[in-house]
Amino acid sequence: MLKNLKKNSFLIWSLAPACIFIIGFFVIIAFFLLKLSLTTYVGGMPQETGVISNYITLINSSAFKDAFWRTLIFVLTSTPLQLITGLITAMLINKSFHGRGVVRSVLLLPLAIPTIVTTSILVLMFSKGGHIGSLLTGQYSFFPQVMAKEISFMNNEAFAIGLAIFGKVWRDTPISMLILLAGLQQIPQDQYEAAETMGSKLVQSFTYITLPLMIPSIASVLVLRSVEAWKEFIFPYILAPSFPVLGVLIENFYVQQLNPGMSAAIGIMLIFLILICTWVLKVVLEAASKFLVKV
Amino acid sequence: MARLELNNIQKVYPNGFVAVHGLDIDIKDGEFISLVGPSGCAKSTTLRMIAGLEDISGGELKIGDLVANDLPSKDRGIAMVFQSYALFPHMSVEANVGFGLKIKKVPLEIRKEKIKWALDLVDLNGLGDRKPSELSGGQRQRVALARAIVLEPQVLLLDEPLSNLDAKLRIKMRVELKRIHKKLGSTIVYVTHDQSEAMTLSDRIAIMNAGELMQIGTPNEIYNSPKNKFVAGFIGSPSMNFISGNIVEDSGKISFQCKQGKINIPERLSEKAKGMLNKQVTLGVRPEDLSISIDEADNCLAATVVVRETLGSDDFLAMELEGVKDLITVRIQPDENYPLDKKIFVKMDLNKIHLFDE
């Protein structure tokens, strides 16, 4: 035993930081999160521990249900949108053309802009009295009046959540683009040429060659982006404050209602939702990839 | 199966570089023709132009009765096997072979029959479910071949299909290719830089250099009557020996004069030699057309044996002609013995010598 330990001491030492990281940042935190979720709070003070009443309250609360549906719509819209925009931009800069470097830099720019700046710009444009409202009501001389009364974009649920989705997709497309570009560059050109000689059109080559060979990259984008979307906070918090998603609801309970127990319960439920979503994605992608490579 | 005509085919790149200078090749229906040449001679470019993967800058390409210059690849009736095989790694062998049929929307039942037929033809039955990564190099090559054959193309294009295989497998696959060609009778254009592959497989060989056609003919014609020094040096292993000298006329007799001696020009070459009188020329002779003589005689050149290479069936002597640094190669029988580093004489079979302009 001691001999084995000595023999593998380098391996043990090199793995130690990873083990400490997992224990410190995952096991311990998950344990305390679970414990917190089983504790009730009144007026910011802990009451009972080891009870599931937080979960029961949440399931019966309309605020939670609304937040869940909003989050689900956020995930189901922003994730595929990020995949599509990422794929289009990746395919664009995968082609060789004059000025490709400049286009690539421009496409990466949204990542470099701090989120608070992005959201502030959107607020300036779409809030009551903002530029878009003023433009449409004819307050700028260069644009004709389209409507008599200003729409309050950020007080309209569909608009507000749509704006948060737009901001999120715009800001995070470069991440999807980079992952998908790496996948695209792995596909040798002669695969397309072979398909071309066999009569394959562009759409068929995309369906039968690009897509199945990109499944690992597509899976990475879908999993990473959907996880991000489930726990999204900043875009809906600033752009749709009246229509909280689950991430915003956590903040509401923790900061405004001084009820960390409920926040932790939502956190735990989010973890399970993310696990279920990832499993569904795996099943769907496996089925898609089998379908695409059939005889 | 179809006839393939390349009439003055040219390839000029946007930067002005001329890759192919007016190529004229007429390939008969069912013929196996090889495009051979060193790296960069534009043989693959030519094949890609036939396949429709490269634009043709000038000239006319006819496949059957159809002018194919501007036809998309899929309408040319060709199928191509790539040097890298270009198999789809995510598809099974069957799906790879059936890909072209699926694209052409051939019904599944017929597709499956044809896949089976093609896999039988290349001796791969039973491996249809495997992925390309689970196959050996030779098996992958066969899948690529089956994928092309299954489309029953008018012209089959093969781009160095054996170059990624080891020497033993290459020779085996050569025989396989010949067998398949015999069975299908298809028109095949085969690109290779390996002259021995071209010699063994082809009905005719087209030798290219720097985008130009050097010579086209049957393997025997190319081997025995090379048109120029490039063709002579490229075909044959070991390659032809070249000796520099002058053509001189002495009392009506024409001979080749070099530092090491004098060689009489045979009747067969006298007309050609007369046109080269007093000019610097190259005499070419293949290793098997040279023999060794211990004593000096007519049409002999003095030389010393530097190295003996033993191959088993034949041995080769690398010899240094007097006053020349370049070595010449002589084929001898394994039981012949000659002393190393001693002056002996190399005798030529005058019926087999060639004369080339310098």
# chains A, B, ... in the order shown; residues from 1 in each chain; ligands from 1
$ select_by_dssp --residues "stretch 126-202 of chain A" --states "helix (DSSP H, G or I)" --output "number ranges by chain"
A: 126, 131-136, 153-155, 157-184, 189-197, 202
$ residues_around --residues "B:Val346" --least-positions-apart "2" --cutoff "6 Å" --atoms "only C-alpha atoms" --output "ChimeraX atom specification"
/B:291-292,300-301
$ write_last_selection --atoms "N, CA, C and O atoms" --output "mmCIF file, in the first residue's frame"
data_model
loop_
_atom_site.group_PDB
_atom_site.id
_atom_site.type_symbol
_atom_site.label_atom_id
_atom_site.label_comp_id
_atom_site.auth_asym_id
_atom_site.auth_seq_id
_atom_site.Cartn_x
_atom_site.Cartn_y
_atom_site.Cartn_z
ATOM 1 N N SER B 291 26.326 -4.699 -70.884
ATOM 2 C CA SER B 291 26.971 -5.907 -70.344
ATOM 3 C C SER B 291 28.425 -5.571 -70.025
ATOM 4 O O SER B 291 28.927 -4.519 -70.407
ATOM 5 N N ILE B 292 29.086 -6.469 -69.311
ATOM 6 C CA ILE B 292 30.464 -6.197 -68.850
ATOM 7 C C ILE B 292 31.437 -7.022 -69.669
ATOM 8 O O ILE B 292 31.190 -8.197 -69.974
ATOM 9 N N CYS B 300 32.804 -0.213 -76.584
ATOM 10 C CA CYS B 300 32.916 -0.386 -75.128
ATOM 11 C C CYS B 300 33.398 0.917 -74.491
ATOM 12 O O CYS B 300 34.123 1.689 -75.130
ATOM 13 N N LEU B 301 33.001 1.127 -73.254
ATOM 14 C CA LEU B 301 33.489 2.289 -72.511
ATOM 15 C C LEU B 301 34.182 1.799 -71.244
ATOM 16 O O LEU B 301 33.694 0.878 -70.584
#
$ interface_residues --of "chain B" --to "chain A" --cutoff "10 Å" --atoms "only C-alpha atoms" --output "PyMOL selection string"
chain B and resi 48+51-53+72-104+108+111-112+115+144+147-148+151+153
$ closest_residue --among "A:Ile276, A:Leu258, A:Leu180, A:Ala16" --to "A:Met45" --atoms "only C-alpha atoms"
A:Leu258
$ select_by_dssp --residues "stretch 44-223 of chain A" --states "strand (DSSP E or B)" --output "PyMOL selection string"
chain A and resi 45-49
$ write_last_selection --atoms "N, CA, C and O atoms" --output "short mmCIF file (atom, residue, chain, number, x, y, z; two decimals), in the first residue's frame"
data_model
loop_
_atom_site.label_atom_id
_atom_site.label_comp_id
_atom_site.auth_asym_id
_atom_site.auth_seq_id
_atom_site.Cartn_x
_atom_site.Cartn_y
_atom_site.Cartn_z
N MET A 45 -34.76 35.34 9.32
CA MET A 45 -34.22 34.47 10.38
C MET A 45 -34.59 33.02 10.12
O MET A 45 -35.74 32.72 9.76
N PRO A 46 -33.63 32.09 10.29
CA PRO A 46 -33.94 30.68 10.06
C PRO A 46 -34.93 30.15 11.08
O PRO A 46 -34.87 30.51 12.25
N GLN A 47 -35.86 29.32 10.61
CA GLN A 47 -36.86 28.74 11.51
C GLN A 47 -36.62 27.23 11.65
O GLN A 47 -35.96 26.78 12.55
N GLU A 48 -37.14 26.48 10.66
CA GLU A 48 -37.02 25.01 10.74
C GLU A 48 -35.95 24.53 9.75
O GLU A 48 -35.80 25.10 8.68
N THR A 49 -35.27 23.44 10.11
CA THR A 49 -34.30 22.84 9.17
C THR A 49 -34.73 21.39 8.92
O THR A 49 -35.31 20.76 9.80
#
$ residues_around --residues "B:Lys43" --least-positions-apart "5" --cutoff "10 Å" --atoms "only C-alpha atoms" --output "MDAnalysis selection string"
chainID B and resid 19:20 34:38 48:49 159 190:193 206:213
$ closest_residue --among "A:Ile250, A:Val284, A:Ile73, A:Leu92" --to "A:Gly162" --atoms "only C-alpha atoms"
A:Ile73
$ residues_around --residues "B:Leu119" --least-positions-apart "4" --cutoff "8 Å" --atoms "only C-alpha atoms" --output "list in words"
Ile115, Asp123, Leu124, Asn125, Gly128, Val143 and Ala146 of chain B
$ residues_around --residues "A:Ser78" --least-positions-apart "2" --cutoff "10 Å" --atoms "only C-alpha atoms" --output "list in words"
Leu72, Ile73, Phe74, Val75, Leu76, Pro80, Leu81, Gln82, Leu83, Ile84, Gly162, Ala164, Ile165, Phe166, Gly167, Lys168, Val169, Trp170, Asp172, Arg225, Ser226, Glu228 and Ala229 of chain A
$ write_last_selection --atoms "N, CA, C and O atoms" --output "compact mmCIF listing (two decimals), in the first residue's frame"
# COMPACT_ATOMS: atom_id res chain seq x y z
N LEU A 72 -38.17 28.65 -19.44
CA LEU A 72 -38.22 27.61 -20.47
C LEU A 72 -38.26 28.24 -21.87
O LEU A 72 -37.53 27.82 -22.77
N ILE A 73 -39.07 29.27 -22.02
CA ILE A 73 -39.13 29.97 -23.31
C ILE A 73 -37.78 30.61 -23.63
O ILE A 73 -37.28 30.52 -24.76
N PHE A 74 -37.15 31.18 -22.60
CA PHE A 74 -35.83 31.78 -22.78
C PHE A 74 -34.83 30.74 -23.30
O PHE A 74 -34.09 30.98 -24.25
N VAL A 75 -34.86 29.54 -22.67
CA VAL A 75 -33.93 28.46 -23.05
C VAL A 75 -34.25 27.99 -24.47
O VAL A 75 -33.36 27.87 -25.32
N LEU A 76 -35.55 27.71 -24.72
CA LEU A 76 -35.94 27.13 -26.01
C LEU A 76 -35.76 28.10 -27.17
O LEU A 76 -35.69 27.69 -28.32
N PRO A 80 -31.38 27.62 -29.50
CA PRO A 80 -31.31 27.38 -30.95
C PRO A 80 -30.88 28.61 -31.75
O PRO A 80 -30.16 28.49 -32.73
N LEU A 81 -31.32 29.80 -31.26
CA LEU A 81 -30.91 31.02 -31.98
C LEU A 81 -29.39 31.19 -31.96
O LEU A 81 -28.78 31.55 -32.96
N GLN A 82 -28.80 30.92 -30.80
CA GLN A 82 -27.34 31.04 -30.70
C GLN A 82 -26.64 30.01 -31.57
O GLN A 82 -25.58 30.25 -32.12
N LEU A 83 -27.27 28.82 -31.70
CA LEU A 83 -26.69 27.79 -32.57
C LEU A 83 -26.75 28.25 -34.03
O LEU A 83 -25.76 28.15 -34.76
N ILE A 84 -27.90 28.77 -34.42
CA ILE A 84 -28.07 29.19 -35.82
C ILE A 84 -27.16 30.38 -36.16
O ILE A 84 -26.41 30.34 -37.15
N GLY A 162 -38.38 39.10 -24.97
CA GLY A 162 -37.77 39.05 -26.31
C GLY A 162 -36.52 39.90 -26.37
O GLY A 162 -35.50 39.50 -26.96
N ALA A 164 -34.57 40.65 -23.81
CA ALA A 164 -33.52 39.95 -23.04
C ALA A 164 -32.90 38.83 -23.88
O ALA A 164 -31.68 38.64 -23.88
N ILE A 165 -33.76 38.11 -24.63
CA ILE A 165 -33.25 37.02 -25.50
C ILE A 165 -32.36 37.62 -26.59
O ILE A 165 -31.26 37.12 -26.85
N PHE A 166 -32.81 38.74 -27.17
CA PHE A 166 -32.02 39.38 -28.23
C PHE A 166 -30.64 39.77 -27.69
O PHE A 166 -29.61 39.49 -28.32
N GLY A 167 -30.62 40.41 -26.53
CA GLY A 167 -29.36 40.85 -25.94
C GLY A 167 -28.44 39.67 -25.67
O GLY A 167 -27.25 39.69 -26.00
N LYS A 168 -29.02 38.61 -25.12
CA LYS A 168 -28.24 37.41 -24.79
C LYS A 168 -27.65 36.78 -26.06
O LYS A 168 -26.47 36.44 -26.10
N VAL A 169 -28.48 36.63 -27.09
CA VAL A 169 -28.03 35.99 -28.34
C VAL A 169 -26.95 36.86 -28.98
O VAL A 169 -25.91 36.36 -29.41
N TRP A 170 -27.17 38.19 -29.02
CA TRP A 170 -26.19 39.08 -29.64
C TRP A 170 -24.85 39.00 -28.93
O TRP A 170 -23.80 38.90 -29.55
N ASP A 172 -23.64 36.57 -26.92
CA ASP A 172 -22.99 35.26 -26.80
C ASP A 172 -22.77 34.51 -28.11
O ASP A 172 -22.16 33.44 -28.12
N ARG A 225 -24.78 26.53 -23.95
CA ARG A 225 -25.68 27.67 -24.09
C ARG A 225 -26.99 27.45 -23.32
O ARG A 225 -27.55 28.37 -22.77
N SER A 226 -27.48 26.19 -23.31
CA SER A 226 -28.74 25.95 -22.61
C SER A 226 -28.53 26.05 -21.09
O SER A 226 -29.36 26.61 -20.38
N GLU A 228 -26.34 27.95 -19.64
CA GLU A 228 -26.27 29.41 -19.42
C GLU A 228 -27.65 30.04 -19.41
O GLU A 228 -27.95 30.90 -18.60
N ALA A 229 -28.50 29.60 -20.36
CA ALA A 229 -29.83 30.20 -20.49
C ALA A 229 -30.71 29.87 -19.28
O ALA A 229 -31.45 30.71 -18.80
$ residues_around --residues "B:Val306" --least-positions-apart "6" --cutoff "7 Å" --atoms "only C-alpha atoms" --output "list in words"
Ala318, Met319, Glu320, Leu340 and Asp341 of chain B
$ closest_residue --among "B:Val67, B:Leu290, B:Val324, B:Val106" --to "B:Asp349" --atoms "only C-alpha atoms"
B:Leu290
$ decode --residues "stretch 243-291 of chain A" --atoms "N, CA and C atoms" --output "compact mmCIF listing (two decimals), in the first residue's frame"
# COMPACT_ATOMS: atom_id res chain seq x y z
N PHE A 243 -40.82 40.90 -15.13
CA PHE A 243 -41.18 39.53 -15.51
C PHE A 243 -40.02 38.59 -15.20
N PRO A 244 -39.83 38.27 -13.92
CA PRO A 244 -38.62 37.52 -13.54
C PRO A 244 -38.58 36.10 -14.10
N VAL A 245 -37.37 35.71 -14.50
CA VAL A 245 -37.11 34.29 -14.83
C VAL A 245 -36.56 33.67 -13.55
N LEU A 246 -36.22 32.36 -13.59
CA LEU A 246 -35.81 31.68 -12.34
C LEU A 246 -34.58 32.34 -11.72
N GLY A 247 -33.62 32.72 -12.56
CA GLY A 247 -32.40 33.36 -12.06
C GLY A 247 -32.71 34.65 -11.31
N VAL A 248 -33.66 35.42 -11.84
CA VAL A 248 -34.04 36.69 -11.20
C VAL A 248 -34.85 36.41 -9.93
N LEU A 249 -35.65 35.35 -9.98
CA LEU A 249 -36.46 34.98 -8.81
C LEU A 249 -35.56 34.62 -7.62
N ILE A 250 -34.43 33.99 -7.91
CA ILE A 250 -33.47 33.65 -6.84
C ILE A 250 -33.02 34.94 -6.15
N GLU A 251 -32.68 35.95 -6.98
CA GLU A 251 -32.25 37.24 -6.43
C GLU A 251 -33.38 37.88 -5.61
N ASN A 252 -34.61 37.82 -6.15
CA ASN A 252 -35.77 38.40 -5.47
C ASN A 252 -35.92 37.85 -4.06
N PHE A 253 -35.89 36.52 -3.98
CA PHE A 253 -36.06 35.89 -2.67
C PHE A 253 -34.90 36.22 -1.75
N TYR A 254 -33.67 36.14 -2.29
CA TYR A 254 -32.48 36.28 -1.44
C TYR A 254 -32.30 37.70 -0.94
N VAL A 255 -32.41 38.69 -1.86
CA VAL A 255 -32.10 40.08 -1.50
C VAL A 255 -33.34 40.82 -1.02
N GLN A 256 -34.43 40.69 -1.78
CA GLN A 256 -35.59 41.53 -1.43
C GLN A 256 -36.45 40.91 -0.34
N GLN A 257 -36.65 39.58 -0.36
CA GLN A 257 -37.53 38.96 0.65
C GLN A 257 -36.75 38.33 1.80
N LEU A 258 -35.42 38.47 1.78
CA LEU A 258 -34.54 37.92 2.83
C LEU A 258 -34.87 36.46 3.16
N ASN A 259 -35.07 35.68 2.07
CA ASN A 259 -35.42 34.28 2.28
C ASN A 259 -34.46 33.38 1.49
N PRO A 260 -33.22 33.18 2.02
CA PRO A 260 -32.24 32.38 1.29
C PRO A 260 -32.67 30.93 1.10
N GLY A 261 -33.53 30.43 1.97
CA GLY A 261 -34.02 29.05 1.85
C GLY A 261 -34.74 28.84 0.53
N MET A 262 -35.62 29.77 0.16
CA MET A 262 -36.36 29.66 -1.10
C MET A 262 -35.41 29.78 -2.29
N SER A 263 -34.45 30.72 -2.18
CA SER A 263 -33.46 30.88 -3.25
C SER A 263 -32.72 29.57 -3.48
N ALA A 264 -32.29 28.94 -2.38
CA ALA A 264 -31.54 27.68 -2.48
C ALA A 264 -32.42 26.60 -3.09
N ALA A 265 -33.71 26.58 -2.73
CA ALA A 265 -34.61 25.56 -3.29
C ALA A 265 -34.73 25.74 -4.81
N ILE A 266 -34.83 27.01 -5.26
CA ILE A 266 -34.89 27.25 -6.71
C ILE A 266 -33.58 26.80 -7.36
N GLY A 267 -32.45 27.09 -6.67
CA GLY A 267 -31.13 26.68 -7.18
C GLY A 267 -31.05 25.18 -7.40
N ILE A 268 -31.52 24.42 -6.39
CA ILE A 268 -31.50 22.96 -6.48
C ILE A 268 -32.39 22.50 -7.65
N MET A 269 -33.58 23.12 -7.75
CA MET A 269 -34.48 22.73 -8.85
C MET A 269 -33.88 23.06 -10.19
N LEU A 270 -33.14 24.18 -10.27
CA LEU A 270 -32.45 24.54 -11.52
C LEU A 270 -31.42 23.48 -11.91
N ILE A 271 -30.70 22.99 -10.89
CA ILE A 271 -29.69 21.94 -11.18
C ILE A 271 -30.39 20.74 -11.82
N PHE A 272 -31.53 20.32 -11.25
CA PHE A 272 -32.23 19.16 -11.82
C PHE A 272 -32.78 19.46 -13.21
N LEU A 273 -33.29 20.68 -13.39
CA LEU A 273 -33.81 21.05 -14.71
C LEU A 273 -32.69 21.00 -15.76
N ILE A 274 -31.52 21.49 -15.36
CA ILE A 274 -30.37 21.49 -16.29
C ILE A 274 -29.97 20.06 -16.62
N LEU A 275 -29.97 19.18 -15.59
CA LEU A 275 -29.60 17.78 -15.84
C LEU A 275 -30.59 17.13 -16.80
N ILE A 276 -31.89 17.37 -16.58
CA ILE A 276 -32.92 16.77 -17.45
C ILE A 276 -32.76 17.31 -18.88
N CYS A 277 -32.54 18.61 -18.99
CA CYS A 277 -32.41 19.25 -20.30
C CYS A 277 -31.20 18.66 -21.04
N THR A 278 -30.08 18.49 -20.34
CA THR A 278 -28.87 17.95 -20.97
C THR A 278 -29.11 16.52 -21.44
N TRP A 279 -29.83 15.75 -20.63
CA TRP A 279 -30.12 14.37 -21.01
C TRP A 279 -31.01 14.34 -22.27
N VAL A 280 -32.02 15.22 -22.30
CA VAL A 280 -32.90 15.29 -23.48
C VAL A 280 -32.09 15.65 -24.72
N LEU A 281 -31.19 16.62 -24.55
CA LEU A 281 -30.34 17.03 -25.68
C LEU A 281 -29.51 15.85 -26.19
N LYS A 282 -28.98 15.07 -25.26
CA LYS A 282 -28.15 13.92 -25.62
C LYS A 282 -28.96 12.93 -26.45
N VAL A 283 -30.16 12.64 -25.98
CA VAL A 283 -31.03 11.67 -26.68
C VAL A 283 -31.37 12.19 -28.08
N VAL A 284 -31.75 13.47 -28.14
CA VAL A 284 -32.15 14.04 -29.44
C VAL A 284 -30.96 14.04 -30.41
N LEU A 285 -29.78 14.45 -29.92
CA LEU A 285 -28.62 14.52 -30.80
C LEU A 285 -28.19 13.14 -31.29
N GLU A 286 -28.29 12.14 -30.39
CA GLU A 286 -27.94 10.78 -30.81
C GLU A 286 -28.88 10.29 -31.90
N ALA A 287 -30.17 10.56 -31.71
CA ALA A 287 -31.16 10.14 -32.70
C ALA A 287 -30.90 10.87 -34.03
N ALA A 288 -30.61 12.17 -33.93
CA ALA A 288 -30.37 12.96 -35.16
C ALA A 288 -29.16 12.43 -35.88
N SER A 289 -28.12 12.13 -35.13
CA SER A 289 -26.89 11.70 -35.80
C SER A 289 -27.07 10.32 -36.42
N LYS A 290 -27.87 9.45 -35.79
CA LYS A 290 -28.16 8.14 -36.39
C LYS A 290 -28.97 8.31 -37.67
N PHE A 291 -29.93 9.22 -37.63
CA PHE A 291 -30.79 9.45 -38.79
C PHE A 291 -29.98 9.96 -39.99
